[in-house]
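The structure file input_33.cif is reproduced below (mmCIF, C-alpha atoms and all ligand atoms).
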```cif
data_entry
loop_
_atom_site.label_atom_id
_atom_site.label_comp_id
_atom_site.auth_asym_id
_atom_site.auth_seq_id
_atom_site.Cartn_x
_atom_site.Cartn_y
_atom_site.Cartn_z
CA MET A 1 -41.65 -57.62 -31.60
CA ALA A 2 -39.51 -60.43 -33.02
CA GLY A 3 -37.67 -61.95 -30.08
CA SER A 4 -35.40 -64.98 -30.02
CA ALA A 5 -38.37 -67.10 -28.99
CA GLY A 6 -40.47 -65.34 -31.63
CA ARG A 7 -42.76 -67.25 -33.95
CA VAL A 8 -45.36 -66.30 -36.49
CA VAL A 9 -48.91 -66.36 -35.21
CA ARG A 10 -52.09 -65.21 -36.84
CA ARG A 11 -54.04 -62.88 -34.56
CA TRP A 12 -57.48 -64.23 -34.00
CA TYR A 13 -60.26 -62.11 -35.43
CA PRO A 14 -63.61 -63.61 -36.21
CA ASN A 15 -64.11 -63.18 -39.97
CA VAL A 16 -67.15 -61.03 -39.52
CA LEU A 17 -65.27 -58.74 -37.17
CA ARG A 18 -62.34 -58.49 -39.56
CA ARG A 19 -64.68 -57.65 -42.41
CA SER A 20 -66.58 -54.96 -40.57
CA LEU A 21 -63.47 -53.32 -39.16
CA GLN A 22 -61.47 -53.89 -42.31
CA VAL A 23 -58.64 -55.15 -40.11
CA PRO A 24 -56.39 -57.43 -42.13
CA ALA A 25 -55.49 -60.77 -40.60
CA LEU A 26 -52.22 -59.52 -39.20
CA GLN A 27 -49.19 -61.69 -39.20
CA LEU A 28 -47.05 -60.75 -36.23
CA HIS A 29 -43.91 -62.05 -34.64
CA VAL A 30 -44.62 -62.32 -30.94
CA SER A 31 -43.12 -64.23 -28.10
CA LYS A 32 -45.16 -66.94 -26.43
CA THR A 33 -45.58 -64.84 -23.29
CA ALA A 34 -46.79 -61.84 -25.26
CA MET A 35 -49.56 -63.88 -26.92
CA ARG A 36 -51.96 -63.49 -24.04
CA ALA A 37 -53.17 -60.06 -23.02
CA SER A 38 -52.40 -59.44 -19.38
CA GLN A 39 -54.97 -58.00 -17.00
CA LYS A 40 -52.98 -54.76 -17.28
CA ASP A 41 -53.33 -54.73 -21.10
CA PHE A 42 -57.03 -55.34 -20.69
CA GLU A 43 -57.45 -52.49 -18.22
CA SER A 44 -55.47 -50.18 -20.43
CA ALA A 45 -57.72 -51.14 -23.39
CA LEU A 46 -60.76 -50.36 -21.20
CA SER A 47 -59.42 -46.84 -20.59
CA GLN A 48 -58.37 -46.40 -24.22
CA VAL A 49 -61.80 -47.27 -25.54
CA LYS A 50 -63.31 -44.27 -23.77
CA LEU A 51 -61.06 -41.95 -25.77
CA LEU A 52 -61.97 -43.34 -29.17
CA LYS A 53 -64.27 -41.71 -31.69
CA ASP A 54 -67.68 -43.40 -31.69
CA PRO A 55 -66.93 -46.63 -33.62
CA GLY A 56 -70.58 -47.28 -34.50
CA ASN A 57 -73.13 -49.66 -33.04
CA GLU A 58 -71.85 -52.84 -34.65
CA VAL A 59 -68.39 -52.45 -33.16
CA LYS A 60 -69.79 -51.29 -29.83
CA LEU A 61 -71.78 -54.52 -29.64
CA LYS A 62 -68.65 -56.55 -30.30
CA LEU A 63 -66.77 -54.68 -27.60
CA TYR A 64 -69.64 -55.24 -25.18
CA ALA A 65 -69.81 -58.97 -25.93
CA LEU A 66 -66.05 -59.47 -25.57
CA TYR A 67 -66.02 -57.48 -22.33
CA LYS A 68 -68.81 -59.60 -20.84
CA GLN A 69 -67.16 -62.83 -22.00
CA ALA A 70 -63.78 -61.74 -20.64
CA THR A 71 -65.17 -60.75 -17.26
CA GLU A 72 -68.12 -63.12 -16.68
CA GLY A 73 -67.58 -65.99 -19.12
CA PRO A 74 -70.32 -67.41 -21.39
CA CYS A 75 -73.66 -65.65 -21.51
CA ASN A 76 -75.57 -66.46 -18.32
CA THR A 77 -78.62 -64.18 -18.33
CA PRO A 78 -82.13 -64.84 -19.64
CA LYS A 79 -82.85 -63.72 -23.20
CA PRO A 80 -84.58 -60.28 -23.20
CA GLY A 81 -88.03 -59.97 -24.77
CA VAL A 82 -88.36 -59.40 -28.51
CA PHE A 83 -89.35 -55.73 -28.08
CA ASP A 84 -86.44 -54.95 -25.79
CA LEU A 85 -84.37 -54.26 -28.89
CA ILE A 86 -81.20 -52.87 -27.36
CA ASN A 87 -80.79 -55.44 -24.62
CA LYS A 88 -81.66 -58.20 -27.06
CA ALA A 89 -78.94 -57.07 -29.48
CA LYS A 90 -76.42 -57.01 -26.62
CA TRP A 91 -77.51 -60.42 -25.40
CA ASP A 92 -77.31 -61.88 -28.92
CA ALA A 93 -73.78 -60.54 -29.38
CA TRP A 94 -72.61 -61.99 -26.06
CA ASN A 95 -74.41 -65.28 -26.55
CA ALA A 96 -72.84 -65.64 -30.01
CA LEU A 97 -69.42 -65.98 -28.38
CA GLY A 98 -70.52 -69.35 -27.01
CA SER A 99 -67.87 -70.93 -24.82
CA LEU A 100 -64.98 -68.74 -25.94
CA PRO A 101 -62.47 -68.84 -23.07
CA LYS A 102 -62.21 -65.71 -20.93
CA GLU A 103 -58.52 -65.26 -21.79
CA THR A 104 -59.19 -65.36 -25.51
CA ALA A 105 -62.03 -62.89 -25.15
CA ARG A 106 -59.69 -60.60 -23.21
CA GLN A 107 -57.04 -60.89 -25.94
CA ASN A 108 -59.62 -60.20 -28.64
CA TYR A 109 -60.89 -57.16 -26.78
CA VAL A 110 -57.35 -55.77 -26.52
CA ASP A 111 -56.71 -56.49 -30.22
CA LEU A 112 -59.96 -54.89 -31.27
CA VAL A 113 -59.27 -51.70 -29.31
CA SER A 114 -55.73 -51.52 -30.62
CA GLY A 115 -57.03 -51.89 -34.22
CA LEU A 116 -59.56 -49.14 -33.62
CA SER A 117 -56.97 -46.83 -32.07
CA SER A 118 -54.57 -47.12 -34.98
CA SER A 119 -57.32 -46.64 -37.58
CA SER A 120 -58.67 -43.60 -35.75
CA ASP A 121 -55.12 -42.19 -35.45
CA SER A 122 -54.61 -42.42 -39.19
CA SER A 123 -58.06 -41.04 -40.05
CA SER A 124 -57.57 -38.05 -37.77
CA GLN A 125 -54.46 -37.00 -39.67
CA VAL A 126 -55.60 -34.29 -42.07
CA LYS A 127 -53.83 -34.61 -45.38
CA PRO A 128 -52.88 -31.34 -47.07
CA GLU A 129 -55.10 -30.48 -50.05
CA ALA A 130 -52.21 -31.08 -52.46
CA ASP A 131 -52.17 -34.76 -51.39
CA ARG A 132 -55.93 -35.16 -51.76
CA LYS A 133 -56.04 -33.48 -55.17
CA GLN A 134 -56.98 -35.80 -58.01
CA PRO A 135 -54.36 -35.75 -60.80
CA GLY A 136 -54.99 -35.01 -64.46
CA TYR A 137 -56.80 -31.66 -64.29
CA GLU A 138 -55.25 -28.35 -65.33
CA THR A 139 -58.16 -25.96 -65.02
CA LEU A 140 -59.78 -27.55 -61.96
CA VAL A 141 -58.88 -28.76 -58.51
CA VAL A 142 -60.84 -31.92 -57.80
CA THR A 143 -60.79 -33.43 -54.33
CA SER A 144 -62.78 -36.16 -52.58
CA GLU A 145 -63.14 -36.10 -48.82
CA ASP A 146 -65.88 -36.76 -46.24
CA SER A 147 -68.00 -38.42 -48.98
CA ILE A 148 -67.98 -35.13 -50.92
CA THR A 149 -66.38 -34.68 -54.34
CA LYS A 150 -65.49 -31.04 -54.78
CA ILE A 151 -64.88 -29.70 -58.29
CA MET A 152 -63.30 -26.29 -58.04
CA MET A 153 -62.83 -24.11 -61.12
CA ASN A 154 -59.27 -22.90 -60.85
CA ARG A 155 -58.44 -19.98 -63.14
CA PRO A 156 -58.78 -17.23 -60.53
CA ALA A 157 -56.70 -14.70 -62.50
CA LYS A 158 -59.24 -15.01 -65.35
CA LYS A 159 -62.24 -15.00 -63.01
CA ASN A 160 -62.66 -18.73 -63.71
CA ALA A 161 -63.69 -18.07 -67.30
CA MET A 162 -64.53 -21.39 -68.94
CA THR A 163 -62.19 -22.43 -71.74
CA THR A 164 -62.95 -25.43 -73.95
CA GLN A 165 -60.43 -27.32 -71.81
CA MET A 166 -62.37 -26.42 -68.66
CA TYR A 167 -65.68 -27.58 -70.19
CA ASN A 168 -64.03 -30.89 -71.07
CA GLU A 169 -62.44 -31.29 -67.63
CA ILE A 170 -65.71 -30.52 -65.84
CA MET A 171 -67.41 -33.24 -67.92
CA LEU A 172 -64.64 -35.70 -67.00
CA ALA A 173 -64.83 -34.78 -63.33
CA LEU A 174 -68.63 -35.15 -63.28
CA LYS A 175 -68.44 -38.55 -64.96
CA ALA A 176 -65.84 -39.70 -62.42
CA ALA A 177 -67.86 -38.28 -59.51
CA SER A 178 -70.99 -40.09 -60.69
CA LYS A 179 -69.11 -43.38 -60.25
CA ASP A 180 -66.95 -42.69 -57.19
CA ASP A 181 -68.00 -43.48 -53.63
CA SER A 182 -68.89 -39.90 -52.72
CA ALA A 183 -72.46 -39.15 -51.66
CA ILE A 184 -72.70 -35.60 -53.00
CA THR A 185 -70.84 -33.44 -55.53
CA VAL A 186 -70.05 -29.75 -55.32
CA LEU A 187 -69.08 -27.22 -58.00
CA THR A 188 -67.38 -24.06 -56.79
CA GLY A 189 -64.81 -21.46 -57.84
CA ASN A 190 -61.37 -20.47 -56.59
CA GLY A 191 -60.71 -16.78 -55.91
CA ASP A 192 -63.09 -13.84 -55.90
CA TYR A 193 -65.36 -15.05 -58.73
CA TYR A 194 -67.48 -18.17 -59.04
CA SER A 195 -67.09 -17.89 -62.82
CA SER A 196 -67.25 -15.18 -65.49
CA GLY A 197 -68.86 -17.69 -67.86
CA ASN A 198 -67.67 -18.64 -71.30
CA ASP A 199 -64.08 -17.57 -71.95
CA LEU A 200 -64.50 -15.17 -74.82
CA SER A 201 -61.15 -16.21 -76.24
CA ASN A 202 -62.95 -19.43 -77.22
CA PHE A 203 -64.06 -17.34 -80.20
CA THR A 204 -60.52 -16.64 -81.36
CA ASP A 205 -58.98 -19.99 -82.23
CA ILE A 206 -60.88 -20.40 -85.48
CA PRO A 207 -59.86 -23.57 -87.36
CA PRO A 208 -58.83 -23.47 -91.04
CA GLU A 209 -62.28 -24.80 -92.01
CA GLY A 210 -63.72 -21.51 -90.80
CA ILE A 211 -66.07 -20.01 -88.24
CA GLU A 212 -69.01 -22.26 -89.25
CA GLU A 213 -67.03 -25.32 -88.21
CA LYS A 214 -66.04 -23.62 -84.96
CA ALA A 215 -69.68 -22.78 -84.21
CA LYS A 216 -70.69 -26.35 -85.00
CA SER A 217 -68.09 -27.89 -82.69
CA GLY A 218 -68.93 -25.25 -80.05
CA ALA A 219 -72.60 -26.28 -80.16
CA ILE A 220 -71.67 -29.96 -79.76
CA LEU A 221 -69.43 -29.12 -76.80
CA LEU A 222 -72.16 -27.02 -75.21
CA ARG A 223 -74.78 -29.72 -75.68
CA ASP A 224 -72.53 -32.45 -74.24
CA PHE A 225 -71.58 -30.23 -71.32
CA VAL A 226 -75.16 -29.43 -70.33
CA ASP A 227 -76.21 -33.07 -70.85
CA CYS A 228 -73.74 -34.08 -68.11
CA PHE A 229 -75.58 -31.85 -65.64
CA ILE A 230 -79.01 -33.10 -66.75
CA ASP A 231 -77.91 -36.71 -66.25
CA PHE A 232 -75.84 -36.32 -63.10
CA PRO A 233 -77.24 -38.96 -60.71
CA LYS A 234 -76.18 -37.72 -57.27
CA PRO A 235 -77.12 -34.56 -55.35
CA LEU A 236 -75.29 -31.69 -57.05
CA ILE A 237 -74.62 -28.53 -55.08
CA ALA A 238 -73.29 -25.19 -56.31
CA VAL A 239 -71.24 -23.26 -53.76
CA VAL A 240 -71.34 -19.83 -55.38
CA ASN A 241 -68.43 -18.04 -53.75
CA GLY A 242 -68.66 -14.80 -55.79
CA PRO A 243 -70.11 -13.25 -58.96
CA ALA A 244 -71.43 -15.66 -61.57
CA VAL A 245 -71.92 -14.82 -65.25
CA GLY A 246 -73.42 -16.48 -68.33
CA ILE A 247 -73.36 -20.25 -68.50
CA SER A 248 -72.21 -20.57 -64.88
CA VAL A 249 -75.58 -19.03 -63.94
CA THR A 250 -77.84 -20.77 -66.43
CA ILE A 251 -76.83 -24.30 -65.39
CA LEU A 252 -77.77 -23.51 -61.78
CA GLY A 253 -81.34 -24.49 -62.72
CA LEU A 254 -80.02 -28.06 -63.08
CA PHE A 255 -78.46 -28.18 -59.60
CA ASP A 256 -80.27 -29.59 -56.58
CA THR A 257 -79.10 -26.92 -54.15
CA VAL A 258 -77.42 -23.54 -54.63
CA TYR A 259 -75.65 -21.84 -51.72
CA ALA A 260 -74.39 -18.31 -52.32
CA SER A 261 -72.16 -15.82 -50.56
CA ASN A 262 -73.78 -12.43 -50.15
CA ARG A 263 -71.00 -11.15 -52.47
CA ALA A 264 -72.34 -13.27 -55.32
CA THR A 265 -74.27 -11.78 -58.22
CA PHE A 266 -76.10 -13.56 -61.03
CA HIS A 267 -75.78 -12.10 -64.52
CA THR A 268 -76.87 -13.48 -67.89
CA PRO A 269 -76.12 -10.69 -70.40
CA PHE A 270 -76.95 -12.70 -73.51
CA SER A 271 -78.51 -9.88 -75.52
CA HIS A 272 -75.54 -7.63 -74.75
CA LEU A 273 -73.34 -10.33 -76.27
CA GLY A 274 -75.58 -10.97 -79.28
CA GLN A 275 -76.27 -14.46 -77.89
CA SER A 276 -79.21 -16.41 -76.50
CA PRO A 277 -79.88 -18.49 -73.34
CA GLU A 278 -78.41 -21.95 -72.78
CA GLY A 279 -78.04 -24.47 -69.96
CA CYS A 280 -81.79 -25.21 -70.24
CA SER A 281 -82.43 -21.80 -68.64
CA SER A 282 -85.08 -20.98 -71.27
CA TYR A 283 -87.13 -23.68 -69.51
CA THR A 284 -85.81 -23.85 -65.93
CA PHE A 285 -85.73 -20.10 -65.20
CA PRO A 286 -89.40 -19.36 -66.08
CA LYS A 287 -90.32 -22.47 -64.10
CA ILE A 288 -88.27 -21.40 -61.08
CA MET A 289 -88.98 -17.66 -60.98
CA GLY A 290 -91.94 -17.16 -63.28
CA PRO A 291 -91.80 -15.93 -66.92
CA ALA A 292 -91.64 -12.20 -66.14
CA LYS A 293 -88.63 -12.38 -63.82
CA ALA A 294 -86.92 -14.90 -66.12
CA ALA A 295 -87.37 -12.57 -69.09
CA GLU A 296 -85.76 -9.68 -67.19
CA MET A 297 -82.70 -11.83 -66.62
CA LEU A 298 -82.49 -13.74 -69.89
CA ILE A 299 -83.64 -11.06 -72.36
CA PHE A 300 -82.64 -7.80 -70.67
CA GLY A 301 -79.62 -9.10 -68.76
CA LYS A 302 -80.75 -7.84 -65.35
CA LYS A 303 -78.07 -8.67 -62.80
CA LEU A 304 -79.47 -10.12 -59.55
CA THR A 305 -77.95 -9.80 -56.12
CA ALA A 306 -77.69 -13.00 -54.08
CA ALA A 307 -80.66 -11.91 -51.98
CA GLU A 308 -82.77 -11.30 -55.11
CA ALA A 309 -81.75 -14.63 -56.62
CA CYS A 310 -82.75 -16.31 -53.36
CA ALA A 311 -86.10 -14.51 -53.26
CA GLN A 312 -86.74 -15.71 -56.82
CA GLY A 313 -85.91 -19.32 -56.00
CA LEU A 314 -82.71 -19.68 -58.02
CA VAL A 315 -80.60 -19.73 -54.84
CA THR A 316 -81.39 -21.95 -51.87
CA GLU A 317 -79.77 -19.84 -49.16
CA VAL A 318 -77.44 -16.85 -48.84
CA PHE A 319 -74.65 -16.65 -46.24
CA PRO A 320 -72.53 -13.70 -45.09
CA ASP A 321 -69.26 -13.83 -47.00
CA SER A 322 -67.24 -13.81 -43.75
CA THR A 323 -68.70 -17.14 -42.62
CA PHE A 324 -69.71 -18.55 -46.01
CA GLN A 325 -67.16 -21.35 -46.37
CA LYS A 326 -67.40 -22.48 -42.77
CA GLU A 327 -71.19 -22.56 -42.63
CA VAL A 328 -71.66 -24.16 -46.03
CA TRP A 329 -69.07 -26.92 -45.56
CA THR A 330 -70.35 -27.76 -42.09
CA ARG A 331 -73.79 -28.21 -43.56
CA LEU A 332 -72.55 -30.20 -46.55
CA LYS A 333 -70.53 -32.54 -44.33
CA ALA A 334 -73.69 -33.30 -42.37
CA TYR A 335 -75.69 -33.91 -45.58
CA SER A 336 -72.98 -36.17 -46.97
CA LYS A 337 -73.55 -38.59 -44.08
CA LEU A 338 -77.16 -39.25 -45.11
CA PRO A 339 -77.77 -42.63 -46.77
CA PRO A 340 -76.37 -42.14 -50.31
CA ASN A 341 -78.76 -44.49 -52.09
CA ALA A 342 -81.79 -42.79 -50.58
CA MET A 343 -80.46 -39.40 -51.74
CA ARG A 344 -79.84 -40.67 -55.29
CA ILE A 345 -83.28 -42.22 -55.50
CA SER A 346 -84.96 -39.09 -54.17
CA LYS A 347 -83.14 -37.08 -56.82
CA GLN A 348 -84.31 -39.53 -59.51
CA VAL A 349 -87.89 -39.28 -58.31
CA ILE A 350 -87.72 -35.48 -58.36
CA ARG A 351 -85.92 -35.09 -61.69
CA ASN A 352 -86.41 -38.12 -63.93
CA ARG A 353 -89.73 -37.17 -65.49
CA GLU A 354 -88.17 -33.92 -66.79
CA LYS A 355 -85.02 -35.47 -68.25
CA GLU A 356 -86.28 -36.16 -71.78
CA LYS A 357 -87.66 -32.67 -72.00
CA LEU A 358 -84.44 -31.10 -70.73
CA HIS A 359 -82.36 -32.97 -73.30
CA ALA A 360 -84.64 -31.72 -76.07
CA ILE A 361 -84.44 -28.14 -74.76
CA ASN A 362 -80.66 -28.38 -74.52
CA ALA A 363 -80.44 -29.55 -78.13
CA GLU A 364 -82.66 -26.69 -79.30
CA GLU A 365 -80.82 -23.99 -77.32
CA SER A 366 -77.47 -25.25 -78.65
CA ARG A 367 -78.76 -25.18 -82.23
CA VAL A 368 -80.00 -21.59 -81.84
CA LEU A 369 -76.73 -20.47 -80.27
CA GLN A 370 -74.73 -22.05 -83.08
CA GLU A 371 -76.46 -19.58 -85.43
CA ARG A 372 -76.12 -16.67 -83.01
CA TRP A 373 -72.35 -17.13 -82.85
CA LEU A 374 -72.21 -16.39 -86.58
CA SER A 375 -74.14 -13.12 -86.22
CA ASP A 376 -72.60 -9.65 -86.46
CA GLU A 377 -74.12 -8.78 -83.09
CA CYS A 378 -72.17 -11.57 -81.42
CA THR A 379 -68.92 -10.98 -83.35
CA ASN A 380 -68.94 -7.26 -82.47
CA ALA A 381 -69.64 -7.86 -78.78
CA VAL A 382 -66.83 -10.41 -78.48
CA MET A 383 -64.41 -8.17 -80.42
CA ASN A 384 -65.27 -5.26 -78.13
CA PHE A 385 -64.39 -7.30 -75.06
CA LEU A 386 -61.22 -8.78 -76.52
CA THR A 387 -59.96 -5.38 -77.70
CA ARG A 388 -60.70 -4.00 -74.22
CA LYS A 389 -63.41 -1.67 -75.51
CA ALA A 390 -66.14 -3.21 -73.36
CA LYS A 391 -66.78 -5.14 -70.22
CA LEU A 392 -70.04 -6.19 -68.72
C1 LIG B 401 -67.81 -19.97 -82.29
C2 LIG B 401 -67.67 -19.99 -80.82
C3 LIG B 401 -67.66 -21.29 -80.11
C4 LIG B 401 -67.48 -21.13 -78.64
C5 LIG B 401 -67.61 -22.39 -77.90
C6 LIG B 401 -68.21 -22.19 -76.54
C7 LIG B 401 -68.90 -23.36 -76.00
C8 LIG B 401 -69.95 -23.07 -74.96
C9 LIG B 401 -70.49 -21.67 -74.95
C10 LIG B 401 -71.60 -21.50 -73.98
C11 LIG B 401 -72.25 -20.14 -74.04
C12 LIG B 401 -71.88 -19.34 -72.86
C13 LIG B 401 -72.18 -18.05 -72.78
C14 LIG B 401 -71.70 -17.21 -71.66
O1 LIG B 401 -71.18 -17.62 -70.68
S1 LIG B 401 -71.95 -15.54 -71.88
C15 LIG B 401 -70.93 -14.74 -70.66
C16 LIG B 401 -69.53 -14.51 -71.14
N1 LIG B 401 -68.79 -13.75 -70.17
C17 LIG B 401 -68.54 -12.45 -70.29
O2 LIG B 401 -68.92 -11.79 -71.23
C18 LIG B 401 -67.68 -11.84 -69.20
C19 LIG B 401 -66.55 -11.03 -69.75
N2 LIG B 401 -65.76 -10.47 -68.64
C20 LIG B 401 -66.00 -9.25 -68.10
O3 LIG B 401 -66.90 -8.55 -68.48
C21 LIG B 401 -65.13 -8.83 -66.97
O4 LIG B 401 -63.89 -9.52 -67.08
C22 LIG B 401 -65.74 -9.14 -65.58
C23 LIG B 401 -66.94 -8.22 -65.34
C24 LIG B 401 -66.17 -10.61 -65.46
C25 LIG B 401 -64.70 -8.88 -64.48
O5 LIG B 401 -64.20 -7.57 -64.60
P1 LIG B 401 -62.96 -7.10 -63.69
O6 LIG B 401 -62.65 -5.71 -64.08
O7 LIG B 401 -63.24 -7.38 -62.27
O8 LIG B 401 -61.79 -8.08 -64.09
P2 LIG B 401 -60.99 -8.15 -65.47
O9 LIG B 401 -61.89 -7.82 -66.61
O10 LIG B 401 -59.72 -7.38 -65.36
O11 LIG B 401 -60.67 -9.72 -65.57
C26 LIG B 401 -59.45 -10.30 -65.12
C27 LIG B 401 -58.89 -11.09 -66.27
O12 LIG B 401 -59.79 -12.14 -66.62
C28 LIG B 401 -60.15 -12.05 -67.97
N3 LIG B 401 -61.53 -12.50 -68.15
C29 LIG B 401 -62.54 -12.35 -67.28
N4 LIG B 401 -63.63 -12.91 -67.78
C30 LIG B 401 -63.34 -13.42 -68.95
C31 LIG B 401 -64.08 -14.11 -69.97
N5 LIG B 401 -65.35 -14.43 -69.78
N6 LIG B 401 -63.44 -14.48 -71.07
C32 LIG B 401 -62.13 -14.22 -71.26
N7 LIG B 401 -61.37 -13.56 -70.34
C33 LIG B 401 -61.98 -13.17 -69.21
C34 LIG B 401 -59.98 -10.58 -68.32
O13 LIG B 401 -59.80 -10.42 -69.69
C35 LIG B 401 -58.73 -10.27 -67.52
O14 LIG B 401 -57.63 -10.82 -68.23
P3 LIG B 401 -56.23 -10.02 -68.33
O15 LIG B 401 -55.78 -9.90 -66.91
O16 LIG B 401 -55.37 -10.88 -69.18
O17 LIG B 401 -56.56 -8.70 -68.93
#
```
As structure tokens, what does this structure read like?
Amino acid sequence: MAGSAGRVVRRWYPNVLRRSLQVPALQLHVSKTAMRASQKDFESALSQVKLLKDPGNEVKLKLYALYKQATEGPCNTPKPGVFDLINKAKWDAWNALGSLPKETARQNYVDLVSGLSSSSDSSSQVKPEADRKQPGYETLVVTSEDSITKIMMNRPAKKNAMTTQMYNEIMLALKAASKDDSAITVLTGNGDYYSSGNDLSNFTDIPPEGIEEKAKSGAILLRDFVDCFIDFPKPLIAVVNGPAVGISVTILGLFDTVYASNRATFHTPFSHLGQSPEGCSSYTFPKIMGPAKAAEMLIFGKKLTAAEACAQGLVTEVFPDSTFQKEVWTRLKAYSKLPPNAMRISKQVIRNREKEKLHAINAEESRVLQERWLSDECTNAVMNFLTRKAKL
């Protein structure tokens, strides 16, 4: 654009327009003759505008006002009545341009459309997932897109078993998601499993201070981990892509919505493992499904199909595996466009009165488990798995 007669000009955008479109005050080298949009530029902008994604009402009003000013000059029609909301908004926008010359309005219209075209070009380019991935996680893939933060457990070869590192990374990711600009947060798994629960090799790296110390630090980790779910302020959705075991099932009672593939199963074999319930399930499960059904799961380790879990209220909706991802993400993208503050506040209203109680239950369950981990029943069950003598 820099010609021999070029000079630096600041494109004219009203401040309010610049703010709402987030168009920087561009500094461009243009020739004197190029400063004014020709009738041809204006007509081409008029055609271009029809191809744009809906830019929202505020921008549409600005386009309308500039169009009227460019073609008819200052506002010359009577003010519509106060209840004629749409026509009044249009009139106000046009009238606000005062005596802006027609040529300037034409130029501003062309500039506005060109700004919109370039921003919609760049937003329509889909970045590969590797580029969207947040750095710093080894056991997760965390991405933010379409106002959704997705936390995906990423140890598919180990059925997304949860190592101490994964617990810590999930806590970090939840804390970051609670502060980022996403509207909703999703936990899901990569591969054929949602998660096989606690990685039983967590029981093997015993520190020199002994198993008691390990159990103590394990109980602190568990308590902190579950606290993050109790306190999470935004809508939290589980996308259960396959079988779920142990702690990956129990914390579902702390989610706001649980979508499951029809391949998913829900299994809490605590007695088989010499352990006891966590994730506040000793409270949430009886509340969700009634004490008898909760006891079958939490005491006798009954594995539920997705349909059964849905019938008992643990799962919100079940989808055929073949269309699971497509259907769920289409729905979540629509939900993520709802006003985020309203969603947060609704969640608070629904959940806040239970928070104190849930923290107390979490503390108690963690304390009981700390003792269970030292029992022979638990040691034998873990040894049987690790020496390949037993699986669930
Ligand atoms: C003092 C202790 C402190 C600990 C601190 C912990 C802090 C918080 C604790 C919270 C309490 C949580 C409790 C629970 O979650 S209880 C549930 C635990 N989960 C299990 O018992 C599942 C065990 N896994 C299995 O039974 C089977 O693997 C499974 C049925 C899930 C799948 O069977 P399949 O035949 O399809 O696949 P593989 O067994 O071949 O699995 C593939 C590889 O993945 C490994 N794997 C799977 N799950 C786990 C697991 N939970 N822990 C460790 N490893 C797991 C499996 O060994 C295979 O590995 P290899 O390929 O290397 O053999």
In Å, rounded to a single decimal, give me how far CA of Ala93 in chain A is from CA of Pro340 in chain A. 28.0 Å
Counting all atoms listed in the file, the residue of A:Ile288, A:Leu252, A:Ala105, A:Ala381 that sits nearest ligand LIG 401 (chain B): A:Ala381
If we count all atoms listed in the file and set the cut-off at 7 Å, which residues sit around range 69-74 of chain A, ignoring sequence neighbours fewer than 4 positions away in its own chain? Please answer as a PyMOL selection string. chain A and resi 65+94-95+98-99+102-103+105-106
Could you check how far CA of Ser182 in chain A sits from CA of Val141 in chain A, in Å to one decimal? 16.1 Å
Give as an NGL selection string the set of residues within 12 Å of the point (-67.7, -39.3, -62.5), where distances use the file's coordinates and all atoms listed in the file. :A and (142 or 144 or 149-151 or 169-185 or 228-229 or 231-234)
Restricting to all atoms listed in the file, whichever of A:Val315, A:Val349, A:Val110, A:Pro80 is closest to Leu46 in chain A is A:Val110
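Shortest separation to Ala260 in chain A among A:Asp192, A:Glu317, A:Glu356, A:Asp224 occurs at residue A:Glu317, atoms counted being only C-alpha atoms.
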For range 319-327 of chain A, find every residue with an atom within 9 Å (counting only C-alpha atoms), except residues of its own chain fewer than 3 positions away, and show them as a PyMOL selection string. chain A and resi 239+241-242+259-264+330-332
What separation in Å, quoted to one decimal, exists between CA of Pro156 in chain A and CA of Thr316 in chain A? 24.7 Å
Which polymer residues have any atom within 10 Å of an atom of range 87-92 of chain A, counting only C-alpha atoms, with same-chain residues fewer than 4 positions away left out, as a compact mmCIF listing (two decimals) with C-alpha atoms, in the coordinates of the input?
```txt
# COMPACT_ATOMS: atom_id res chain seq x y z
CA GLU A 58 -71.85 -52.84 -34.65
CA LYS A 60 -69.79 -51.29 -29.83
CA LEU A 61 -71.78 -54.52 -29.64
CA LYS A 62 -68.65 -56.55 -30.30
CA LEU A 63 -66.77 -54.68 -27.60
CA TYR A 64 -69.64 -55.24 -25.18
CA ALA A 65 -69.81 -58.97 -25.93
CA LYS A 68 -68.81 -59.60 -20.84
CA CYS A 75 -73.66 -65.65 -21.51
CA ASN A 76 -75.57 -66.46 -18.32
CA THR A 77 -78.62 -64.18 -18.33
CA PRO A 78 -82.13 -64.84 -19.64
CA LYS A 79 -82.85 -63.72 -23.20
CA PRO A 80 -84.58 -60.28 -23.20
CA GLY A 81 -88.03 -59.97 -24.77
CA VAL A 82 -88.36 -59.40 -28.51
CA PHE A 83 -89.35 -55.73 -28.08
CA ALA A 96 -72.84 -65.64 -30.01
CA LEU A 97 -69.42 -65.98 -28.38
```
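Across A:Gly191, A:Pro207, A:Gly56, A:Gly313, the tightest approach to Lys287 in chain A is made by A:Gly313 when counting all atoms listed in the file.
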From the set A:Thr305, A:Phe285, A:Ser147, A:Asn108, which residue has the shortest atom-to-atom contact distance to Pro339 in chain A, counting all atoms listed in the file?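 Of A:Thr305, A:Phe285, A:Ser147, A:Asn108, the one nearest Pro339 in chain A, counting all atoms listed in the file, is A:Ser147.
Closest approach to Pro277 in chain A among A:Ala295, A:Leu386, A:Ala309, A:Leu112 is made by A:Ala295 (distances from only C-alpha atoms).
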Would you kindly return, as number ranges by chain, each protein, DNA or RNA residue with an atom no farther than 12 Å from any atom of Lys50 in chain A, considering all atoms listed in the file and excluding same-chain residues fewer than 6 positions away? A: 43-44, 60, 63, 113, 116-117
Using only C-alpha atoms, list the residues that have an atom at most 7 Å from (-78.9, -23.1, -67.3), coordinates as in the file, as a list in words.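 Residues found, by chain and rising number: Ile247, Val249, Thr250, Ile251, Leu252, Gly253, Leu254, Glu278, Gly279, Cys280 and Ser281 of chain A.
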